[in-house]
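> One structure, pasted below without further comment.
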Amino acid sequence: MAAAEGGWCLCKLLRFFCSLFFPGLIVSGTLCLCLVIFLWGVRLLLQRKKKSEITNKPGKNQRVIAFFHPYCNAGGGGERVLWCALRALQKKYPEAAYVVYTGDVNVSGDQILEGAFRRFNIRLPRPVTFVFLKKRYLVEDSLYPHFTLLGQSLGSIFLGWEALMQCVPDVYIDSMGYAFTLPLFKYIGGCRVGSYVHYPTISTDMLSVVRNQNAGFNNSAFITKNPFLSKVKLIYYYLFAFMYGFVGSCSDVVMVNSSWTLNHILSLWKVGSCTNIVYPPCDVQTFLDISLHEKKTTPGHLMVSVGQFRPEKNHPLQIRAFAKLLSKKVAQPLPSIKLVLIGGCRNKDDELRVNQLRKLSEDLGVQDNVEFKINIPFEELKKYLSEATIGLHSMWNEHFGIALSLRGWQVADSRGQSESIRISCSENRDVACTPAGQCHQHHALSRGLGTFQKECRKHG
C-alpha cells in the first residue's frame, strides 16, 4: 500500500513538472526575445551616438582604431607589443585616430607615454587618446579566489561594456587576452574586431594537468588529492574551453605570438583561415650593438632573470635552484655569483608576490646574493643583460619570451663564446637567426651549471 502511494505521488509530481514545461518554455523564449531586442536597441543607440560625434566634427571623419589593454602602463612583453603595434599602425595609417582603453587611472596619458619610452625606448609618431576605465578591479585575479578564469572573463565583459559606453571604435583590437570582450564589440558595438593572443586563457596542456591530477600554480594541491574535485574541475575546464573557443571565433583577424600559441588557438578557436603568427617585436639591433667584450663593472658573475612577477613565471623555482647552486659552491670553490630578478609589477598582487620571493630568499639564506629590480628603465635593463653570464627562465610552456629572445640574439652574436648562455625549462619551438642567416635554437646549456637543468626537470 505504501509503495503504491509513493508511486502515485511520484506520478503526480511528474505531471506537475510536465504542466510547467510549456509555460516555462514560453517564458524563456519571451525573455530571450526581449534580451535580443534590448541588445539590438543598444547597438542602434551606439551607432547613432557615433554618427552624431562624427557630425559634430566636420572635416574629421576619422576611422577610430582602439586597443583594449587595461594594464598598458606595465612593463611586460605584452606592453611592448602594444606600443610597437601602435607605432606601426600610426606610420601606415596616419589619418586614423587611435584609442587605448586602460585601467591605469592613477597616471595621466603623458605619464603612460613617458613610461613606454623609459621602459621600451619607444616614441609614438602621432597622438593617442586614452580612455580610462574605473572598473579594472573586475579583472583582478584576487577578486576571484575560486573559478578565477570564469570570474575574470565575465568581469572583462563588464569592463568592456564600460569601454564601449565611452568610445565606439571602428576597429577594436584586444591586445591583452580578454577574448570575452570580442562578441560585445562585434555584435553590440558593430566594430571589426581583432585579437593578438600572447597566451591562451585555457589550453589543452592545462586540461591535461587537471586530468592527470598534477599540482601547479593553477591547480591546487588539495584538488589533486581529491579525485571527485579533480573530475568537477575537469568538467569546469572543458565547459570554459568551449565558451573560450566560441567567443574567440568571433574575431575577424587573429594574431598569435608563436607556433606554440598558434597550435592551441587553432584547436580551441578553430579559425585557421584568419589566424597568423606575428612574432613579438624584439629590439634586436639595440642589443647587438652591446659589446660582449667590454670590461664588466660588476665583480663575479650575474645570473639574470627577466619577466613579469606573475605566478606562471615560477620565480620561486629559480631562487631554490640558485640556493642549491650556492650550496654546491661551499663544497667546491666557485666564483662569486649573484641572481638578479628583473621584472614589472602591474598591481598589488604582483607586489605581494615580490615580497613573498624576498621572504623565500631569506628563508633559504641567499638574500645577500639575490637582487630584485622592479620596473627599471630600458637603459638599466641593457646594462644588466650586457654584463650577465647566464640568462635564466623557468616558466613551463613559455609561449615566446621577448627578453629571452633578445638574449638569444646577443648570444648568437657572441661568436661562439660559451660563457653567455640561457637555461630554460620552456618549450621554445621558434628559432632566432643572426643577420648572416645562422640559426640558433633558444635552448642553451652550461658546462658546470647542470644543477639548474636538473632542478628544472625535477620540478616539471
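Naming works like this for the C-alpha cells: A, B, ... for the chains as they're shown, residue 1 at the start of each chain, ligands 1 onward in shown order.
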Kindly provide the residues of region 43-117 of chain A that approach region 252-273 of chain A to within 12 Å, each paired with its closest atom pair and their distance in Å to one decimal, based on only C-alpha atoms, listed by chain and increasing number, as JSON lines.

{"residue": "A:Gly77", "atom": "CA", "partner": "A:Asn257", "partner_atom": "CA", "distance": 10.8}
{"residue": "A:Gly78", "atom": "CA", "partner": "A:Asn257", "partner_atom": "CA", "distance": 10.1}
{"residue": "A:Val81", "atom": "CA", "partner": "A:Asn257", "partner_atom": "CA", "distance": 9.7}
{"residue": "A:Ala85", "atom": "CA", "partner": "A:Met255", "partner_atom": "CA", "distance": 11.7}
> Can you tell me which residues surround region 368-376 of chain A at a distance of at most 8 Å, considering only C-alpha atoms, apart from same-chain residues fewer than 3 positions away, and format the answer as number ranges by chain?
A: 74-75, 119, 337-345, 361, 365, 380-381
> Suppose we keep N, CA and C atoms; can you now write the selection as a JSON list (two decimals), in the first residue's frame?

[["chain", "number", "residue", "atom", "x", "y", "z"],
["A", 74, "ALA", "N", 52.11, 48.87, -17.60],
["A", 74, "ALA", "CA", 53.02, 47.86, -17.07],
["A", 74, "ALA", "C", 54.25, 47.76, -17.96],
["A", 75, "GLY", "N", 55.19, 46.92, -17.56],
["A", 75, "GLY", "CA", 56.46, 46.86, -18.29],
["A", 75, "GLY", "C", 56.78, 45.49, -18.86],
["A", 119, "ARG", "N", 60.83, 52.52, -20.54],
["A", 119, "ARG", "CA", 60.98, 51.07, -20.41],
["A", 119, "ARG", "C", 61.37, 50.40, -21.72],
["A", 337, "ILE", "N", 78.80, 34.81, -7.39],
["A", 337, "ILE", "CA", 77.69, 34.80, -8.34],
["A", 337, "ILE", "C", 76.47, 35.42, -7.67],
["A", 338, "LYS", "N", 75.70, 36.16, -8.45],
["A", 338, "LYS", "CA", 74.52, 36.84, -7.91],
["A", 338, "LYS", "C", 73.34, 36.64, -8.86],
["A", 339, "LEU", "N", 72.15, 36.41, -8.29],
["A", 339, "LEU", "CA", 70.92, 36.26, -9.07],
["A", 339, "LEU", "C", 70.17, 37.59, -9.05],
["A", 340, "VAL", "N", 69.89, 38.11, -10.24],
["A", 340, "VAL", "CA", 69.15, 39.38, -10.37],
["A", 340, "VAL", "C", 67.82, 39.09, -11.05],
["A", 341, "LEU", "N", 66.72, 39.33, -10.33],
["A", 341, "LEU", "CA", 65.38, 39.12, -10.87],
["A", 341, "LEU", "C", 64.83, 40.46, -11.33],
["A", 342, "ILE", "N", 64.66, 40.61, -12.65],
["A", 342, "ILE", "CA", 64.19, 41.87, -13.24],
["A", 342, "ILE", "C", 62.79, 41.65, -13.78],
["A", 343, "GLY", "N", 61.87, 42.53, -13.41],
["A", 343, "GLY", "CA", 60.51, 42.36, -13.90],
["A", 343, "GLY", "C", 59.62, 43.53, -13.58],
["A", 344, "GLY", "N", 58.40, 43.47, -14.09],
["A", 344, "GLY", "CA", 57.43, 44.52, -13.86],
["A", 344, "GLY", "C", 56.36, 44.07, -12.88],
["A", 345, "CYS", "N", 55.87, 45.01, -12.10],
["A", 345, "CYS", "CA", 54.74, 44.78, -11.20],
["A", 345, "CYS", "C", 53.54, 45.58, -11.70],
["A", 361, "SER", "N", 63.88, 34.03, -0.20],
["A", 361, "SER", "CA", 65.34, 34.21, -0.24],
["A", 361, "SER", "C", 65.92, 34.23, 1.16],
["A", 365, "GLY", "N", 68.42, 31.58, 3.06],
["A", 365, "GLY", "CA", 69.72, 32.15, 3.41],
["A", 365, "GLY", "C", 70.52, 32.69, 2.25],
["A", 380, "GLU", "N", 68.91, 50.60, -18.04],
["A", 380, "GLU", "CA", 69.39, 49.75, -16.94],
["A", 380, "GLU", "C", 69.24, 48.28, -17.29],
["A", 381, "LEU", "N", 68.15, 47.94, -17.99],
["A", 381, "LEU", "CA", 67.96, 46.56, -18.44],
["A", 381, "LEU", "C", 69.08, 46.15, -19.39]]
> Using DSSP on the backbone coordinates, identify all residues within region 133-206 of chain A classified as strand (DSSP E or B); present the result as an NGL selection string.
:A and (171-174 or 192-197)
> For a test of reading the model, state the distance in Å between CA of Ile173 (chain A) and CA of Val100 (chain A), rounded to one decimal.
9.6 Å
> Calculated over only C-alpha atoms, which of the candidates A:Tyr384, A:Tyr144, A:Phe68, A:Phe309 has the smallest distance to Ser195 (chain A)?
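Checking each of A:Tyr384, A:Tyr144, A:Phe68, A:Phe309 against Ser195 (chain A), counting only C-alpha atoms, the winner is A:Phe68.
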> When DSSP works through the backbone of this structure, what residues of region 51-210 of chain A end up as alpha helix (DSSP H), shown as a PDB file with N, CA, C and O atoms, in the first residue's frame?

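And here is the file that came out, result-v6.pdb:
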ATOM      1  N   LYS A  51      27.556  58.377 -34.940  1.00  0.00           N
ATOM      2  CA  LYS A  51      27.308  59.250 -36.086  1.00  0.00           C
ATOM      3  C   LYS A  51      27.192  60.708 -35.665  1.00  0.00           C
ATOM      4  O   LYS A  51      27.660  61.610 -36.363  1.00  0.00           O
ATOM      5  N   SER A  52      26.572  60.933 -34.512  1.00  0.00           N
ATOM      6  CA  SER A  52      26.430  62.313 -34.033  1.00  0.00           C
ATOM      7  C   SER A  52      27.787  62.917 -33.688  1.00  0.00           C
ATOM      8  O   SER A  52      28.023  64.102 -33.904  1.00  0.00           O
ATOM      9  N   GLU A  53      28.693  62.089 -33.140  1.00  0.00           N
ATOM     10  CA  GLU A  53      30.040  62.577 -32.828  1.00  0.00           C
ATOM     11  C   GLU A  53      30.789  62.948 -34.098  1.00  0.00           C
ATOM     12  O   GLU A  53      31.521  63.941 -34.139  1.00  0.00           O
ATOM     13  N   ILE A  54      30.594  62.147 -35.159  1.00  0.00           N
ATOM     14  CA  ILE A  54      31.241  62.455 -36.437  1.00  0.00           C
ATOM     15  C   ILE A  54      30.678  63.744 -37.034  1.00  0.00           C
ATOM     16  O   ILE A  54      31.403  64.594 -37.561  1.00  0.00           O
ATOM     17  N   THR A  55      29.344  63.928 -36.911  1.00  0.00           N
ATOM     18  CA  THR A  55      28.690  65.118 -37.460  1.00  0.00           C
ATOM     19  C   THR A  55      29.166  66.384 -36.758  1.00  0.00           C
ATOM     20  O   THR A  55      29.320  67.446 -37.371  1.00  0.00           O
ATOM     21  N   GLY A  77      56.266  42.136 -21.802  1.00  0.00           N
ATOM     22  CA  GLY A  77      56.347  41.952 -23.244  1.00  0.00           C
ATOM     23  C   GLY A  77      55.064  42.318 -23.959  1.00  0.00           C
ATOM     24  O   GLY A  77      55.081  42.810 -25.083  1.00  0.00           O
ATOM     25  N   GLY A  78      53.914  42.083 -23.300  1.00  0.00           N
ATOM     26  CA  GLY A  78      52.639  42.448 -23.904  1.00  0.00           C
ATOM     27  C   GLY A  78      52.509  43.936 -24.135  1.00  0.00           C
ATOM     28  O   GLY A  78      51.934  44.381 -25.144  1.00  0.00           O
ATOM     29  N   GLU A  79      53.071  44.723 -23.218  1.00  0.00           N
ATOM     30  CA  GLU A  79      53.023  46.179 -23.371  1.00  0.00           C
ATOM     31  C   GLU A  79      53.952  46.631 -24.496  1.00  0.00           C
ATOM     32  O   GLU A  79      53.634  47.573 -25.232  1.00  0.00           O
ATOM     33  N   ARG A  80      55.074  45.958 -24.646  1.00  0.00           N
ATOM     34  CA  ARG A  80      55.961  46.292 -25.762  1.00  0.00           C
ATOM     35  C   ARG A  80      55.256  46.031 -27.103  1.00  0.00           C
ATOM     36  O   ARG A  80      55.371  46.826 -28.049  1.00  0.00           O
ATOM     37  N   VAL A  81      54.518  44.928 -27.175  1.00  0.00           N
ATOM     38  CA  VAL A  81      53.748  44.629 -28.381  1.00  0.00           C
ATOM     39  C   VAL A  81      52.737  45.744 -28.655  1.00  0.00           C
ATOM     40  O   VAL A  81      52.566  46.188 -29.798  1.00  0.00           O
ATOM     41  N   LEU A  82      52.060  46.201 -27.601  1.00  0.00           N
ATOM     42  CA  LEU A  82      51.062  47.271 -27.758  1.00  0.00           C
ATOM     43  C   LEU A  82      51.672  48.515 -28.368  1.00  0.00           C
ATOM     44  O   LEU A  82      51.161  49.058 -29.363  1.00  0.00           O
ATOM     45  N   TRP A  83      52.779  49.002 -27.798  1.00  0.00           N
ATOM     46  CA  TRP A  83      53.362  50.256 -28.277  1.00  0.00           C
ATOM     47  C   TRP A  83      53.965  50.105 -29.666  1.00  0.00           C
ATOM     48  O   TRP A  83      53.875  51.036 -30.485  1.00  0.00           O
ATOM     49  N   CYS A  84      54.540  48.960 -29.951  1.00  0.00           N
ATOM     50  CA  CYS A  84      55.082  48.746 -31.305  1.00  0.00           C
ATOM     51  C   CYS A  84      53.959  48.643 -32.332  1.00  0.00           C
ATOM     52  O   CYS A  84      54.094  49.123 -33.461  1.00  0.00           O
ATOM     53  N   ALA A  85      52.850  48.016 -31.945  1.00  0.00           N
ATOM     54  CA  ALA A  85      51.703  47.920 -32.853  1.00  0.00           C
ATOM     55  C   ALA A  85      51.132  49.297 -33.140  1.00  0.00           C
ATOM     56  O   ALA A  85      50.807  49.630 -34.298  1.00  0.00           O
ATOM     57  N   LEU A  86      51.008  50.106 -32.106  1.00  0.00           N
ATOM     58  CA  LEU A  86      50.508  51.479 -32.305  1.00  0.00           C
ATOM     59  C   LEU A  86      51.442  52.277 -33.196  1.00  0.00           C
ATOM     60  O   LEU A  86      50.992  52.987 -34.105  1.00  0.00           O
ATOM     61  N   ARG A  87      52.727  52.165 -32.950  1.00  0.00           N
ATOM     62  CA  ARG A  87      53.700  52.908 -33.762  1.00  0.00           C
ATOM     63  C   ARG A  87      53.629  52.481 -35.229  1.00  0.00           C
ATOM     64  O   ARG A  87      53.636  53.329 -36.130  1.00  0.00           O
ATOM     65  N   ALA A  88      53.523  51.185 -35.479  1.00  0.00           N
ATOM     66  CA  ALA A  88      53.460  50.685 -36.855  1.00  0.00           C
ATOM     67  C   ALA A  88      52.185  51.139 -37.557  1.00  0.00           C
ATOM     68  O   ALA A  88      52.219  51.562 -38.729  1.00  0.00           O
ATOM     69  N   LEU A  89      51.049  51.072 -36.850  1.00  0.00           N
ATOM     70  CA  LEU A  89      49.781  51.486 -37.461  1.00  0.00           C
ATOM     71  C   LEU A  89      49.751  52.990 -37.713  1.00  0.00           C
ATOM     72  O   LEU A  89      49.234  53.444 -38.741  1.00  0.00           O
ATOM     73  N   GLN A  90      50.306  53.763 -36.790  1.00  0.00           N
ATOM     74  CA  GLN A  90      50.313  55.219 -36.982  1.00  0.00           C
ATOM     75  C   GLN A  90      51.173  55.631 -38.171  1.00  0.00           C
ATOM     76  O   GLN A  90      50.866  56.611 -38.849  1.00  0.00           O
ATOM     77  N   LYS A  91      52.226  54.877 -38.411  1.00  0.00           N
ATOM     78  CA  LYS A  91      53.063  55.172 -39.577  1.00  0.00           C
ATOM     79  C   LYS A  91      52.359  54.786 -40.876  1.00  0.00           C
ATOM     80  O   LYS A  91      52.461  55.484 -41.887  1.00  0.00           O
ATOM     81  N   LYS A  92      51.609  53.676 -40.850  1.00  0.00           N
ATOM     82  CA  LYS A  92      50.955  53.205 -42.073  1.00  0.00           C
ATOM     83  C   LYS A  92      49.629  53.908 -42.322  1.00  0.00           C
ATOM     84  O   LYS A  92      49.252  54.170 -43.472  1.00  0.00           O
ATOM     85  N   GLY A 109      47.870  60.373 -19.316  1.00  0.00           N
ATOM     86  CA  GLY A 109      48.272  59.844 -20.609  1.00  0.00           C
ATOM     87  C   GLY A 109      49.722  60.142 -20.930  1.00  0.00           C
ATOM     88  O   GLY A 109      50.451  59.295 -21.462  1.00  0.00           O
ATOM     89  N   ASP A 110      50.167  61.354 -20.609  1.00  0.00           N
ATOM     90  CA  ASP A 110      51.564  61.730 -20.857  1.00  0.00           C
ATOM     91  C   ASP A 110      52.522  60.869 -20.041  1.00  0.00           C
ATOM     92  O   ASP A 110      53.599  60.497 -20.520  1.00  0.00           O
ATOM     93  N   GLN A 111      52.141  60.550 -18.807  1.00  0.00           N
ATOM     94  CA  GLN A 111      52.985  59.699 -17.965  1.00  0.00           C
ATOM     95  C   GLN A 111      53.068  58.282 -18.521  1.00  0.00           C
ATOM     96  O   GLN A 111      54.121  57.635 -18.453  1.00  0.00           O
ATOM     97  N   ILE A 112      51.969  57.800 -19.076  1.00  0.00           N
ATOM     98  CA  ILE A 112      51.974  56.463 -19.687  1.00  0.00           C
ATOM     99  C   ILE A 112      52.921  56.424 -20.880  1.00  0.00           C
ATOM    100  O   ILE A 112      53.726  55.502 -21.035  1.00  0.00           O
ATOM    101  N   LEU A 113      52.847  57.439 -21.730  1.00  0.00           N
ATOM    102  CA  LEU A 113      53.718  57.501 -22.904  1.00  0.00           C
ATOM    103  C   LEU A 113      55.182  57.651 -22.507  1.00  0.00           C
ATOM    104  O   LEU A 113      56.072  57.059 -23.134  1.00  0.00           O
ATOM    105  N   GLU A 114      55.433  58.427 -21.459  1.00  0.00           N
ATOM    106  CA  GLU A 114      56.801  58.591 -20.981  1.00  0.00           C
ATOM    107  C   GLU A 114      57.327  57.281 -20.408  1.00  0.00           C
ATOM    108  O   GLU A 114      58.503  56.935 -20.584  1.00  0.00           O
ATOM    109  N   GLY A 115      56.447  56.531 -19.739  1.00  0.00           N
ATOM    110  CA  GLY A 115      56.837  55.227 -19.220  1.00  0.00           C
ATOM    111  C   GLY A 115      57.165  54.242 -20.332  1.00  0.00           C
ATOM    112  O   GLY A 115      58.091  53.431 -20.211  1.00  0.00           O
ATOM    113  N   ALA A 116      56.423  54.314 -21.444  1.00  0.00           N
ATOM    114  CA  ALA A 116      56.710  53.441 -22.588  1.00  0.00           C
ATOM    115  C   ALA A 116      58.086  53.744 -23.170  1.00  0.00           C
ATOM    116  O   ALA A 116      58.821  52.831 -23.573  1.00  0.00           O
ATOM    117  N   PHE A 117      58.444  55.030 -23.213  1.00  0.00           N
ATOM    118  CA  PHE A 117      59.773  55.390 -23.716  1.00  0.00           C
ATOM    119  C   PHE A 117      60.867  54.953 -22.739  1.00  0.00           C
ATOM    120  O   PHE A 117      61.917  54.447 -23.149  1.00  0.00           O
ATOM    121  N   ARG A 118      60.615  55.146 -21.447  1.00  0.00           N
ATOM    122  CA  ARG A 118      61.627  54.815 -20.439  1.00  0.00           C
ATOM    123  C   ARG A 118      61.892  53.307 -20.390  1.00  0.00           C
ATOM    124  O   ARG A 118      63.028  52.875 -20.242  1.00  0.00           O
ATOM    125  N   ARG A 119      60.827  52.525 -20.538  1.00  0.00           N
ATOM    126  CA  ARG A 119      60.984  51.071 -20.411  1.00  0.00           C
ATOM    127  C   ARG A 119      61.375  50.400 -21.720  1.00  0.00           C
ATOM    128  O   ARG A 119      62.116  49.421 -21.729  1.00  0.00           O
ATOM    129  N   PHE A 120      60.816  50.900 -22.845  1.00  0.00           N
ATOM    130  CA  PHE A 120      60.983  50.202 -24.117  1.00  0.00           C
ATOM    131  C   PHE A 120      61.689  51.007 -25.195  1.00  0.00           C
ATOM    132  O   PHE A 120      61.875  50.528 -26.306  1.00  0.00           O
ATOM    133  N   THR A 148      38.600  31.310 -10.956  1.00  0.00           N
ATOM    134  CA  THR A 148      39.277  32.550 -11.348  1.00  0.00           C
ATOM    135  C   THR A 148      39.130  32.839 -12.838  1.00  0.00           C
ATOM    136  O   THR A 148      38.858  33.982 -13.229  1.00  0.00           O
ATOM    137  N   LEU A 149      39.333  31.830 -13.677  1.00  0.00           N
ATOM    138  CA  LEU A 149      39.253  32.054 -15.127  1.00  0.00           C
ATOM    139  C   LEU A 149      37.877  32.574 -15.526  1.00  0.00           C
ATOM    140  O   LEU A 149      37.751  33.536 -16.289  1.00  0.00           O
ATOM    141  N   LEU A 150      36.842  31.932 -15.000  1.00  0.00           N
ATOM    142  CA  LEU A 150      35.474  32.338 -15.328  1.00  0.00           C
ATOM    143  C   LEU A 150      35.173  33.727 -14.774  1.00  0.00           C
ATOM    144  O   LEU A 150      34.589  34.571 -15.464  1.00  0.00           O
ATOM    145  N   GLY A 151      35.594  33.975 -13.525  1.00  0.00           N
ATOM    146  CA  GLY A 151      35.331  35.274 -12.910  1.00  0.00           C
ATOM    147  C   GLY A 151      35.992  36.410 -13.665  1.00  0.00           C
ATOM    148  O   GLY A 151      35.362  37.437 -13.946  1.00  0.00           O
ATOM    149  N   GLN A 152      37.274  36.240 -14.019  1.00  0.00           N
ATOM    150  CA  GLN A 152      37.974  37.295 -14.753  1.00  0.00           C
ATOM    151  C   GLN A 152      37.372  37.503 -16.142  1.00  0.00           C
ATOM    152  O   GLN A 152      37.287  38.638 -16.626  1.00  0.00           O
ATOM    153  N   SER A 153      36.959  36.416 -16.780  1.00  0.00           N
ATOM    154  CA  SER A 153      36.389  36.527 -18.122  1.00  0.00           C
ATOM    155  C   SER A 153      35.051  37.254 -18.103  1.00  0.00           C
ATOM    156  O   SER A 153      34.788  38.122 -18.943  1.00  0.00           O
ATOM    157  N   LEU A 154      34.198  36.908 -17.134  1.00  0.00           N
ATOM    158  CA  LEU A 154      32.919  37.617 -17.010  1.00  0.00           C
ATOM    159  C   LEU A 154      33.149  39.071 -16.591  1.00  0.00           C
ATOM    160  O   LEU A 154      32.463  39.978 -17.067  1.00  0.00           O
ATOM    161  N   GLY A 155      34.137  39.281 -15.718  1.00  0.00           N
ATOM    162  CA  GLY A 155      34.468  40.645 -15.322  1.00  0.00           C
ATOM    163  C   GLY A 155      34.939  41.489 -16.488  1.00  0.00           C
ATOM    164  O   GLY A 155      34.651  42.696 -16.561  1.00  0.00           O
ATOM    165  N   SER A 156      35.654  40.851 -17.429  1.00  0.00           N
ATOM    166  CA  SER A 156      36.137  41.589 -18.597  1.00  0.00           C
ATOM    167  C   SER A 156      34.977  42.067 -19.480  1.00  0.00           C
ATOM    168  O   SER A 156      35.108  43.083 -20.172  1.00  0.00           O
ATOM    169  N   ILE A 157      33.856  41.339 -19.452  1.00  0.00           N
ATOM    170  CA  ILE A 157      32.692  41.772 -20.239  1.00  0.00           C
ATOM    171  C   ILE A 157      32.158  43.098 -19.690  1.00  0.00           C
ATOM    172  O   ILE A 157      31.851  44.033 -20.449  1.00  0.00           O
ATOM    173  N   PHE A 158      32.054  43.200 -18.358  1.00  0.00           N
ATOM    174  CA  PHE A 158      31.583  44.445 -17.748  1.00  0.00           C
ATOM    175  C   PHE A 158      32.582  45.578 -17.961  1.00  0.00           C
ATOM    176  O   PHE A 158      32.193  46.733 -18.185  1.00  0.00           O
ATOM    177  N   LEU A 159      33.878  45.236 -17.895  1.00  0.00           N
ATOM    178  CA  LEU A 159      34.901  46.256 -18.164  1.00  0.00           C
ATOM    179  C   LEU A 159      34.839  46.694 -19.622  1.00  0.00           C
ATOM    180  O   LEU A 159      34.985  47.887 -19.938  1.00  0.00           O
ATOM    181  N   GLY A 160      34.615  45.737 -20.521  1.00  0.00           N
ATOM    182  CA  GLY A 160      34.466  46.063 -21.933  1.00  0.00           C
ATOM    183  C   GLY A 160      33.239  46.920 -22.192  1.00  0.00           C
ATOM    184  O   GLY A 160      33.255  47.823 -23.054  1.00  0.00           O
ATOM    185  N   TRP A 161      32.157  46.656 -21.430  1.00  0.00           N
ATOM    186  CA  TRP A 161      30.939  47.466 -21.567  1.00  0.00           C
ATOM    187  C   TRP A 161      31.227  48.918 -21.180  1.00  0.00           C
ATOM    188  O   TRP A 161      30.787  49.848 -21.861  1.00  0.00           O
ATOM    189  N   GLU A 162      31.979  49.108 -20.099  1.00  0.00           N
ATOM    190  CA  GLU A 162      32.356  50.464 -19.690  1.00  0.00           C
ATOM    191  C   GLU A 162      33.155  51.148 -20.795  1.00  0.00           C
ATOM    192  O   GLU A 162      32.940  52.332 -21.095  1.00  0.00           O
ATOM    193  N   ALA A 163      34.068  50.387 -21.420  1.00  0.00           N
ATOM    194  CA  ALA A 163      34.879  50.949 -22.501  1.00  0.00           C
ATOM    195  C   ALA A 163      34.013  51.325 -23.698  1.00  0.00           C
ATOM    196  O   ALA A 163      34.159  52.402 -24.292  1.00  0.00           O
ATOM    197  N   LEU A 164      33.082  50.442 -24.049  1.00  0.00           N
ATOM    198  CA  LEU A 164      32.228  50.670 -25.217  1.00  0.00           C
ATOM    199  C   LEU A 164      31.315  51.878 -25.013  1.00  0.00           C
ATOM    200  O   LEU A 164      31.029  52.622 -25.954  1.00  0.00           O
ATOM    201  N   MET A 165      30.843  52.071 -23.775  1.00  0.00           N
ATOM    202  CA  MET A 165      29.964  53.207 -23.490  1.00  0.00           C
ATOM    203  C   MET A 165      30.696  54.544 -23.629  1.00  0.00           C
ATOM    204  O   MET A 165      30.074  55.579 -23.879  1.00  0.00           O
ATOM    205  N   GLN A 166      32.016  54.522 -23.464  1.00  0.00           N
ATOM    206  CA  GLN A 166      32.786  55.773 -23.552  1.00  0.00           C
ATOM    207  C   GLN A 166      33.275  56.068 -24.966  1.00  0.00           C
ATOM    208  O   GLN A 166      33.414  57.233 -25.337  1.00  0.00           O
ATOM    209  N   LEU A 182      35.268  40.292 -27.214  1.00  0.00           N
ATOM    210  CA  LEU A 182      35.174  40.329 -28.679  1.00  0.00           C
ATOM    211  C   LEU A 182      33.729  40.346 -29.175  1.00  0.00           C
ATOM    212  O   LEU A 182      33.362  41.197 -30.006  1.00  0.00           O
ATOM    213  N   PRO A 183      32.848  39.412 -28.729  1.00  0.00           N
ATOM    214  CA  PRO A 183      31.459  39.480 -29.219  1.00  0.00           C
ATOM    215  C   PRO A 183      30.745  40.754 -28.789  1.00  0.00           C
ATOM    216  O   PRO A 183      29.854  41.237 -29.499  1.00  0.00           O
ATOM    217  N   THR A 204      45.035  23.088 -23.893  1.00  0.00           N
ATOM    218  CA  THR A 204      44.937  21.634 -23.733  1.00  0.00           C
ATOM    219  C   THR A 204      45.939  21.131 -22.699  1.00  0.00           C
ATOM    220  O   THR A 204      45.694  20.121 -22.033  1.00  0.00           O
ATOM    221  N   ASP A 205      47.053  21.842 -22.541  1.00  0.00           N
ATOM    222  CA  ASP A 205      48.022  21.459 -21.514  1.00  0.00           C
ATOM    223  C   ASP A 205      47.442  21.644 -20.118  1.00  0.00           C
ATOM    224  O   ASP A 205      47.686  20.840 -19.215  1.00  0.00           O
ATOM    225  N   MET A 206      46.678  22.717 -19.915  1.00  0.00           N
ATOM    226  CA  MET A 206      46.040  22.936 -18.623  1.00  0.00           C
ATOM    227  C   MET A 206      45.011  21.853 -18.335  1.00  0.00           C
ATOM    228  O   MET A 206      44.870  21.400 -17.186  1.00  0.00           O
ATOM    229  N   LEU A 207      44.311  21.426 -19.366  1.00  0.00           N
ATOM    230  CA  LEU A 207      43.359  20.330 -19.195  1.00  0.00           C
ATOM    231  C   LEU A 207      44.064  19.043 -18.793  1.00  0.00           C
ATOM    232  O   LEU A 207      43.591  18.303 -17.925  1.00  0.00           O
ATOM    233  N   SER A 208      45.205  18.784 -19.395  1.00  0.00           N
ATOM    234  CA  SER A 208      45.946  17.553 -19.077  1.00  0.00           C
ATOM    235  C   SER A 208      46.496  17.590 -17.658  1.00  0.00           C
ATOM    236  O   SER A 208      46.574  16.551 -16.988  1.00  0.00           O
ATOM    237  N   VAL A 209      46.876  18.788 -17.173  1.00  0.00           N
ATOM    238  CA  VAL A 209      47.370  18.912 -15.796  1.00  0.00           C
ATOM    239  C   VAL A 209      46.282  18.503 -14.808  1.00  0.00           C
ATOM    240  O   VAL A 209      46.528  17.765 -13.844  1.00  0.00           O
ATOM    241  N   VAL A 210      45.053  18.987 -15.038  1.00  0.00           N
ATOM    242  CA  VAL A 210      43.939  18.645 -14.150  1.00  0.00           C
ATOM    243  C   VAL A 210      43.567  17.181 -14.313  1.00  0.00           C
ATOM    244  O   VAL A 210      43.305  16.475 -13.333  1.00  0.00           O
TER     245      VAL A 210
END
> I'd like the contact shell of Ala97 (chain A) - 10 Å cut-off, only C-alpha atoms, skipping same-chain residues fewer than 3 positions apart - returned as a PyMOL selection string.
chain A and resi 60-66+90+93-94+126-129+169-170
> Between CA of Glu140 (chain A) and CA of Ile277 (chain A), what is the spacing in Å?
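Taking CA of Ile277 (chain A) as the start and CA of Glu140 (chain A) as the end point, the length is 28.3 Å.
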> Grab the CA of Lys382 (chain A) to CA of Ile290 (chain A) distance for me, in Å with one decimal place.
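Taking CA of Lys382 (chain A) as the start and CA of Ile290 (chain A) as the end point, the length is 8.1 Å.
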> Tell me which of A:Ala323, A:Ile390, A:Cys72, A:Phe240 sits closest to Ile202 (chain A), counting only C-alpha atoms.
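So, comparing all the options, the nearest one is A:Phe240.
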> For Ala241 (chain A), list every protein, DNA or RNA residue within 8 Å, evaluated using only C-alpha atoms, and leave out those in the same chain fewer than 2 positions away; present the list as a list in words.
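Residues meeting the cut-off are Ile202, Ser203, Tyr237, Tyr238, Leu239, Met243, Tyr244, Gly245 and Leu268 of chain A.
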